[in-house]
Amino acid sequence: MSERLLEVKDLSIEIATRRGPATIVDGIDLHVDKGETLGIVGESGCGKSLTMLSLVRLLPNKIRVSNGTAAFAGRDLLQLSSRELREVRGGKIGFVFQDPMTSLNPVMKIGEQLIEPLLYHREMSKAEARKRAGELLRLVGIPGAEQRLDSYPHELSGGMRQRVMIAIGLACEPELLIADEPTTALDVTIQAQIVDLVKDLRKRLGMSVVWITHDLALIAGLADRICVLYAGTVVEDAPVEQLFAEPAHPYTRGLLASIPRMDGEDAERLNSIGGTPPEPGRRPAGCPFAPRCPMAQEICRTTVPELQPLRGETTPHRVACHVANRVLEAA
Ligand SMILES: Nc1ncnc2c1ncn2[C@@H]1O[C@H](COP(=O)(O)OP(=O)(O)OP(=O)(O)O)[C@@H](O)[C@H]1O
Ligand SMILES: [Mg+2]
């Protein structure tokens with residue numbers, strides 16, 4: 001029996017607008033077991049980053065959690081005191097932010113930014129922490145790692161900064177690493193190196209990982225399970241092989257169909273899902289995907305589908321779609 005590390009239940013996030021609060025994330029349920037890697041996919045704006053930022057309580061201004069719980073090792077992250085939160089953040093939970101430029105401190109040398117969490121969370125001397133910081137930069141493939149400790153973020157390329165962010169996220173050997181599009185600015189060799197590093201830490205430390213990405217090919221080789229998000233809801237959640245073999249949500253099908261093929265033949269299908277997701281505050285009454293869905297029926301426009309095991313079986317493959325069975329038959 002696997003051990004739950006993180007269990008998010010019915011999480012909703014809203015933004016304050018002039019017309020009142022508008023829902024951005026609408027009742028998300030997700031979980032991560034100890035040692036498990038969860039991939040989170042879904043198009044831009046579907047709430048991937050905000051969902052994860054809410055867990056470490058770093059939501060931007062005017063955006064707040066309006067409902068839900070997030071149990072981490074049995075304690076609700078959303079209820080921790082600021083002191084408890086500091087213990088968790090950067091310690092038990094490592095976070096790699098999507099945008100290295102805004103999350104690295106521009107006036108602090110990167111060595112200091114790596115050493116700080118080590119001094120805070122680990123009982124290390126300054127000299128030990130500096131040595132460890134150098135090792136971490138080497139681990140993420142930064143050439144001349146020791147010398148780089150004295151560089152400022154602006155002195156590094158985008159790819160280098162992204163690697164520094166990954167090093168900071170991994171610094172304290174967290175129980176859970178949350179990585180938000182951590183390798184988008186990296187070329188494929190470095191990408192593969194980072195993926196191997198994360199796999200190694202996972203094996204060595206039993207670390208759990210939440211990896212947000214647009215790159216379905218990359219996540220196929222890394223994740224144990226994938227959650228597909230659409231307009232702030234989980235529409236499908238399945239072990240990685242099952243999701244690729246038998247995608248049951250029309251949106252997931254669209255996403256998978258838009259992976260470009262090596263021969264370029266299907267390149268024009270990149271935008272195979274027509275239309276755009278609903279704006280916050282303008283969610284349709286039924287399934288949020290219904291207006292774009294080629295298979296939508298009457299019920300889809302009136303009733304929000306619940307995330308349920310596929311075919312009513314006891315299976316870890318869950319989908320929120322009224323017509324999932326028809327989707328599978330049509331395949
Ligand atoms: N600081 C902010 N102020 C106002 N709206 C925001 C802010 N941050 C996010 N949003 C809105 O919240 C929604 C979800 O944003 P989020 O950043 O979580 O999306 P995402 O899935 O991470 O997208 P991407 O793949 O582009 O990173 C979007 O509609 C976005 O416009
Ligand atoms: Mg994001």
# chains A, B, ... in the order shown; residues from 1 in each chain; ligands from 1
$ residues_around --residues "Ile226 (chain A)" --least-positions-apart "2" --cutoff "10 Å" --atoms "only C-alpha atoms" --output "ChimeraX atom specification"
/A:37-41,210-212,216,219-220,223-224,228-229,236-244,317
$ closest_atom_pairs --of "chain A" --to "ligand 1" --cutoff "10 Å" --atoms "only C-alpha atoms and all ligand atoms" --output "CSV"
residue,atom,partner,partner_atom_place_in_ligand_line,distance
A:Ile13,CA,ligand 1,12 (O),9.0
A:Glu14,CA,ligand 1,12 (O),8.6
A:Ile15,CA,ligand 1,5 (N),7.0
A:Ala16,CA,ligand 1,4 (C),8.8
A:Thr17,CA,ligand 1,4 (C),9.1
A:Ala22,CA,ligand 1,12 (O),9.9
A:Thr23,CA,ligand 1,12 (O),9.0
A:Ile24,CA,ligand 1,13 (C),5.7
A:Val25,CA,ligand 1,14 (C),7.5
A:Ile40,CA,ligand 1,21 (O),9.3
A:Val41,CA,ligand 1,21 (O),8.2
A:Gly42,CA,ligand 1,21 (O),6.6
A:Glu43,CA,ligand 1,25 (O),5.7
A:Ser44,CA,ligand 1,25 (O),3.4
A:Gly45,CA,ligand 1,19 (O),3.5
A:Cys46,CA,ligand 1,21 (O),4.0
A:Gly47,CA,ligand 1,18 (O),3.1
A:Lys48,CA,ligand 1,21 (O),3.8
A:Ser49,CA,ligand 1,22 (O),3.7
A:Leu50,CA,ligand 1,18 (O),3.8
A:Thr51,CA,ligand 1,18 (O),6.3
A:Met52,CA,ligand 1,18 (O),8.1
A:Leu53,CA,ligand 1,18 (O),8.3
A:Ser54,CA,ligand 1,18 (O),9.7
A:Leu59,CA,ligand 1,1 (N),7.9
A:Pro60,CA,ligand 1,1 (N),5.0
A:Asn61,CA,ligand 1,1 (N),6.5
A:Lys62,CA,ligand 1,3 (N),7.3
A:Ile63,CA,ligand 1,3 (N),7.1
A:Gln98,CA,ligand 1,27 (O),7.1
A:Asp99,CA,ligand 1,27 (O),9.1
A:Asp180,CA,ligand 1,22 (O),7.9
A:Glu181,CA,ligand 1,27 (O),7.7
A:Ile212,CA,ligand 1,22 (O),8.2
A:Thr213,CA,ligand 1,25 (O),7.5
A:His214,CA,ligand 1,25 (O),7.1
A:Leu229,CA,ligand 1,21 (O),8.1
A:Tyr230,CA,ligand 1,21 (O),8.7
A:Ala231,CA,ligand 1,14 (C),8.0
A:Gly232,CA,ligand 1,14 (C),7.4
A:Pro277,CA,ligand 1,29 (O),9.0
A:Pro278,CA,ligand 1,29 (O),8.7
A:Glu279,CA,ligand 1,29 (O),6.5
A:Pro280,CA,ligand 1,29 (O),6.2
A:Gly281,CA,ligand 1,29 (O),10.0
$ closest_residue --among "A:Thr189, A:Gln113, A:Thr314, A:Thr302" --to "Met165 (chain A)" --atoms "only C-alpha atoms"
A:Gln113
$ residues_around --residues "Pro250 (chain A)" --least-positions-apart "6" --cutoff "12 Å" --atoms "only C-alpha atoms" --output "PyMOL selection string"
chain A and resi 228+230+235-236+256-257+272-273+287+289-296+319-328+330-331
$ select_by_dssp --residues "region 68-280 of chain A" --states "strand (DSSP E)" --output "ChimeraX atom specification"
/A:68-72,75-76,93-96,176-180,208-212,225-230,233-239
$ write_last_selection --atoms "N, CA and C atoms" --output "short mmCIF file (atom, residue, chain, number, x, y, z; two decimals), in the first residue's frame"
data_model
loop_
_atom_site.label_atom_id
_atom_site.label_comp_id
_atom_site.auth_asym_id
_atom_site.auth_seq_id
_atom_site.Cartn_x
_atom_site.Cartn_y
_atom_site.Cartn_z
N GLY A 68 -11.04 24.43 0.31
CA GLY A 68 -10.22 23.24 0.14
C GLY A 68 -9.20 23.02 1.23
N THR A 69 -8.57 21.85 1.15
CA THR A 69 -7.51 21.49 2.08
C THR A 69 -6.34 20.90 1.29
N ALA A 70 -5.16 20.94 1.89
CA ALA A 70 -3.97 20.39 1.24
C ALA A 70 -3.12 19.72 2.31
N ALA A 71 -3.42 18.45 2.58
CA ALA A 71 -2.70 17.74 3.63
C ALA A 71 -1.34 17.31 3.11
N PHE A 72 -0.29 17.73 3.81
CA PHE A 72 1.07 17.32 3.48
C PHE A 72 1.62 16.59 4.70
N ARG A 75 -0.54 17.19 7.65
CA ARG A 75 -0.91 18.53 8.13
C ARG A 75 -1.39 19.40 6.98
N ASP A 76 -2.41 20.22 7.24
CA ASP A 76 -2.97 21.07 6.18
C ASP A 76 -2.06 22.27 5.92
N ILE A 93 9.51 20.89 1.34
CA ILE A 93 9.03 21.08 -0.03
C ILE A 93 9.98 22.01 -0.77
N GLY A 94 10.58 21.50 -1.83
CA GLY A 94 11.43 22.34 -2.68
C GLY A 94 10.60 22.81 -3.87
N PHE A 95 10.78 24.05 -4.27
CA PHE A 95 9.95 24.60 -5.33
C PHE A 95 10.86 25.17 -6.42
N VAL A 96 10.60 24.78 -7.65
CA VAL A 96 11.30 25.41 -8.77
C VAL A 96 10.28 26.27 -9.50
N LEU A 176 9.27 16.55 -1.08
CA LEU A 176 8.47 16.81 -2.27
C LEU A 176 9.12 17.94 -3.07
N LEU A 177 9.38 17.66 -4.34
CA LEU A 177 9.87 18.71 -5.23
C LEU A 177 8.72 19.12 -6.14
N ILE A 178 8.41 20.40 -6.14
CA ILE A 178 7.41 20.91 -7.08
C ILE A 178 8.16 21.72 -8.13
N ALA A 179 8.12 21.25 -9.36
CA ALA A 179 8.90 21.90 -10.41
C ALA A 179 7.95 22.40 -11.49
N ASP A 180 7.93 23.72 -11.67
CA ASP A 180 6.99 24.35 -12.59
C ASP A 180 7.70 24.67 -13.90
N SER A 208 9.30 12.62 -3.63
CA SER A 208 8.14 12.71 -4.52
C SER A 208 8.29 13.97 -5.37
N VAL A 209 7.67 13.93 -6.54
CA VAL A 209 7.84 15.05 -7.46
C VAL A 209 6.50 15.42 -8.09
N VAL A 210 6.24 16.73 -8.17
CA VAL A 210 5.17 17.23 -9.03
C VAL A 210 5.85 18.03 -10.13
N TRP A 211 5.63 17.63 -11.35
CA TRP A 211 6.36 18.24 -12.48
C TRP A 211 5.32 18.82 -13.44
N ILE A 212 5.28 20.14 -13.53
CA ILE A 212 4.34 20.80 -14.43
C ILE A 212 5.02 21.00 -15.78
N ARG A 225 2.34 9.05 -12.96
CA ARG A 225 0.92 9.32 -13.15
C ARG A 225 0.80 10.74 -13.70
N ILE A 226 -0.27 10.99 -14.44
CA ILE A 226 -0.47 12.32 -15.02
C ILE A 226 -1.86 12.84 -14.68
N CYS A 227 -1.90 14.10 -14.29
CA CYS A 227 -3.17 14.81 -14.11
C CYS A 227 -3.31 15.80 -15.25
N VAL A 228 -4.44 15.75 -15.92
CA VAL A 228 -4.69 16.71 -16.99
C VAL A 228 -5.64 17.78 -16.45
N LEU A 229 -5.19 19.02 -16.53
CA LEU A 229 -6.02 20.13 -16.04
C LEU A 229 -6.67 20.85 -17.21
N TYR A 230 -7.92 21.24 -17.02
CA TYR A 230 -8.56 22.10 -18.00
C TYR A 230 -9.37 23.15 -17.25
N THR A 233 -9.80 22.71 -13.49
CA THR A 233 -10.32 21.46 -12.94
C THR A 233 -9.48 20.30 -13.46
N VAL A 234 -9.47 19.21 -12.68
CA VAL A 234 -8.80 18.00 -13.16
C VAL A 234 -9.80 17.27 -14.06
N VAL A 235 -9.46 17.07 -15.32
CA VAL A 235 -10.39 16.37 -16.21
C VAL A 235 -10.00 14.90 -16.38
N GLU A 236 -8.73 14.58 -16.14
CA GLU A 236 -8.35 13.17 -16.22
C GLU A 236 -7.10 12.95 -15.36
N ASP A 237 -7.05 11.78 -14.74
CA ASP A 237 -5.95 11.45 -13.83
C ASP A 237 -5.70 9.96 -14.00
N ALA A 238 -4.50 9.61 -14.47
CA ALA A 238 -4.27 8.20 -14.77
C ALA A 238 -2.79 7.86 -14.72
N PRO A 239 -2.47 6.60 -14.42
CA PRO A 239 -1.09 6.14 -14.56
C PRO A 239 -0.63 6.42 -15.98
#
$ select_by_dssp --residues "region 158-272 of chain A" --states "helix (DSSP H, G or I)" --output "PyMOL selection string"
chain A and resi 158-170+188-205+216-220+240-245+250-257+267-271
$ closest_residue --among "A:Ser157, A:Pro182, A:Arg202, A:Arg148" --to "ligand 2" --atoms "only C-alpha atoms and all ligand atoms"
A:Pro182
$ closest_residue --among "A:Val56, A:Ala129, A:Ala167, A:Val65" --to "Ser81 (chain A)" --atoms "only C-alpha atoms"
A:Val56
$ closest_residue --among "A:Cys300, A:Gly91, A:Thr184, A:Pro247" --to "ligand 2" --atoms "only C-alpha atoms and all ligand atoms"
A:Thr184
$ atom_distance --atom1 "CA of Val8 (chain A)" --atom2 "CA of Leu55 (chain A)"
8.8 Å
$ decode --residues "region 82-236 of chain A" --atoms "C-alpha atoms" --output "tab-separated table (two decimals), in the first residue's frame"
chain	number	residue	atom	x	y	z
A	82	SER	CA	4.06	31.45	9.16
A	83	ARG	CA	6.79	29.83	11.25
A	84	GLU	CA	5.63	26.31	10.31
A	85	LEU	CA	5.38	27.41	6.71
A	86	ARG	CA	9.01	28.59	6.71
A	87	GLU	CA	10.05	25.14	7.93
A	88	VAL	CA	8.22	23.45	5.09
A	89	ARG	CA	9.01	25.87	2.27
A	90	GLY	CA	12.48	25.25	0.87
A	91	GLY	CA	12.97	22.46	3.42
A	92	LYS	CA	10.49	19.61	3.14
A	93	ILE	CA	9.03	21.08	-0.03
A	94	GLY	CA	11.43	22.34	-2.68
A	95	PHE	CA	9.95	24.60	-5.33
A	96	VAL	CA	11.30	25.41	-8.77
A	97	PHE	CA	9.45	28.48	-9.97
A	98	GLN	CA	8.38	28.93	-13.55
A	99	ASP	CA	10.07	32.28	-14.01
A	100	PRO	CA	13.68	32.30	-12.76
A	101	MET	CA	14.11	36.03	-13.46
A	102	THR	CA	11.42	37.10	-11.00
A	103	SER	CA	12.12	34.45	-8.40
A	104	LEU	CA	15.88	34.84	-8.10
A	105	ASN	CA	16.95	37.84	-6.08
A	106	PRO	CA	18.71	40.14	-8.59
A	107	VAL	CA	20.98	41.78	-6.01
A	108	MET	CA	22.18	38.59	-4.33
A	109	LYS	CA	24.96	36.36	-5.60
A	110	ILE	CA	23.61	32.98	-6.58
A	111	GLY	CA	25.91	31.28	-4.05
A	112	GLU	CA	24.24	33.19	-1.23
A	113	GLN	CA	20.81	32.26	-2.56
A	114	LEU	CA	21.80	28.61	-2.43
A	115	ILE	CA	23.54	28.83	0.93
A	116	GLU	CA	20.66	30.60	2.68
A	117	PRO	CA	18.22	27.64	2.70
A	118	LEU	CA	21.04	25.26	3.65
A	119	LEU	CA	21.91	27.37	6.71
A	120	TYR	CA	18.25	27.72	7.62
A	121	HIS	CA	17.08	24.14	7.16
A	122	ARG	CA	20.24	22.13	7.66
A	123	GLU	CA	22.66	22.37	10.52
A	124	MET	CA	25.60	23.30	8.33
A	125	SER	CA	28.48	25.67	8.89
A	126	LYS	CA	28.94	28.43	6.33
A	127	ALA	CA	31.92	26.62	4.84
A	128	GLU	CA	29.98	23.35	4.54
A	129	ALA	CA	27.03	25.13	2.98
A	130	ARG	CA	29.28	26.82	0.43
A	131	LYS	CA	30.86	23.51	-0.48
A	132	ARG	CA	27.41	21.94	-0.85
A	133	ALA	CA	26.23	24.88	-2.96
A	134	GLY	CA	29.13	24.30	-5.36
A	135	GLU	CA	28.25	20.61	-5.55
A	136	LEU	CA	24.63	21.43	-6.31
A	137	LEU	CA	25.59	23.71	-9.19
A	138	ARG	CA	27.80	20.97	-10.55
A	139	LEU	CA	24.96	18.47	-10.24
A	140	VAL	CA	22.69	20.60	-12.43
A	141	GLY	CA	25.43	20.87	-15.03
A	142	ILE	CA	26.78	24.38	-14.53
A	143	PRO	CA	30.33	24.63	-15.86
A	144	GLY	CA	32.87	26.19	-13.49
A	145	ALA	CA	30.35	25.70	-10.67
A	146	GLU	CA	32.50	26.98	-7.78
A	147	GLN	CA	33.33	30.25	-9.55
A	148	ARG	CA	29.68	30.73	-10.50
A	149	LEU	CA	28.72	30.98	-6.83
A	150	ASP	CA	29.94	34.58	-6.94
A	151	SER	CA	27.90	35.54	-10.01
A	152	TYR	CA	24.72	37.58	-9.94
A	153	PRO	CA	21.62	36.22	-11.72
A	154	HIS	CA	21.89	38.77	-14.56
A	155	GLU	CA	25.37	37.45	-15.37
A	156	LEU	CA	23.91	34.07	-16.31
A	157	SER	CA	22.00	32.95	-19.39
A	158	GLY	CA	18.33	31.98	-19.11
A	159	GLY	CA	19.18	28.29	-19.20
A	160	MET	CA	21.80	28.73	-16.47
A	161	ARG	CA	19.35	30.62	-14.27
A	162	GLN	CA	16.83	27.84	-14.71
A	163	ARG	CA	19.46	25.36	-13.56
A	164	VAL	CA	20.22	27.52	-10.52
A	165	MET	CA	16.51	27.45	-9.67
A	166	ILE	CA	16.55	23.66	-9.88
A	167	ALA	CA	19.62	23.54	-7.62
A	168	ILE	CA	17.84	25.74	-5.06
A	169	GLY	CA	14.73	23.54	-5.24
A	170	LEU	CA	16.82	20.45	-4.58
A	171	ALA	CA	19.22	22.05	-2.07
A	172	CYS	CA	17.70	20.63	1.12
A	173	GLU	CA	16.85	17.25	-0.40
A	174	PRO	CA	13.10	17.85	-0.03
A	175	GLU	CA	10.46	15.18	0.50
A	176	LEU	CA	8.47	16.81	-2.27
A	177	LEU	CA	9.87	18.71	-5.23
A	178	ILE	CA	7.41	20.91	-7.08
A	179	ALA	CA	8.90	21.90	-10.41
A	180	ASP	CA	6.99	24.35	-12.59
A	181	GLU	CA	8.13	24.04	-16.22
A	182	PRO	CA	11.68	23.62	-14.96
A	183	THR	CA	13.40	22.76	-18.23
A	184	THR	CA	11.72	24.87	-20.90
A	185	ALA	CA	14.77	27.08	-21.52
A	186	LEU	CA	17.20	24.17	-21.63
A	187	ASP	CA	18.49	22.30	-24.64
A	188	VAL	CA	17.65	18.62	-24.84
A	189	THR	CA	20.97	17.28	-23.50
A	190	ILE	CA	20.76	19.40	-20.35
A	191	GLN	CA	17.06	18.54	-20.10
A	192	ALA	CA	17.91	14.84	-20.12
A	193	GLN	CA	20.61	15.46	-17.51
A	194	ILE	CA	18.13	17.22	-15.18
A	195	VAL	CA	15.56	14.47	-15.66
A	196	ASP	CA	18.23	11.88	-14.75
A	197	LEU	CA	19.23	13.90	-11.70
A	198	VAL	CA	15.64	14.04	-10.48
A	199	LYS	CA	15.19	10.32	-11.13
A	200	ASP	CA	18.34	9.60	-9.15
A	201	LEU	CA	17.23	11.71	-6.17
A	202	ARG	CA	13.86	10.07	-6.30
A	203	LYS	CA	15.48	6.68	-6.04
A	204	ARG	CA	18.06	7.68	-3.45
A	205	LEU	CA	15.84	9.77	-1.16
A	206	GLY	CA	12.39	8.45	-1.97
A	207	MET	CA	11.58	12.00	-3.05
A	208	SER	CA	8.14	12.71	-4.52
A	209	VAL	CA	7.84	15.05	-7.46
A	210	VAL	CA	5.17	17.23	-9.03
A	211	TRP	CA	6.36	18.24	-12.48
A	212	ILE	CA	4.34	20.80	-14.43
A	213	THR	CA	4.98	20.79	-18.15
A	214	HIS	CA	3.71	21.31	-21.66
A	215	ASP	CA	6.10	18.66	-22.87
A	216	LEU	CA	4.14	15.41	-23.03
A	217	ALA	CA	7.06	13.49	-24.49
A	218	LEU	CA	9.31	14.48	-21.60
A	219	ILE	CA	6.73	13.72	-18.94
A	220	ALA	CA	5.96	10.33	-20.49
A	221	GLY	CA	9.48	9.26	-19.56
A	222	LEU	CA	9.45	10.74	-16.08
A	223	ALA	CA	6.01	10.58	-14.46
A	224	ASP	CA	4.28	7.64	-12.81
A	225	ARG	CA	0.92	9.32	-13.15
A	226	ILE	CA	-0.47	12.32	-15.02
A	227	CYS	CA	-3.17	14.81	-14.11
A	228	VAL	CA	-4.69	16.71	-16.99
A	229	LEU	CA	-6.02	20.13	-16.04
A	230	TYR	CA	-8.56	22.10	-18.00
A	231	ALA	CA	-9.86	25.52	-16.93
A	232	GLY	CA	-8.95	24.99	-13.29
A	233	THR	CA	-10.32	21.46	-12.94
A	234	VAL	CA	-8.80	18.00	-13.16
A	235	VAL	CA	-10.39	16.37	-16.21
A	236	GLU	CA	-8.35	13.17	-16.22
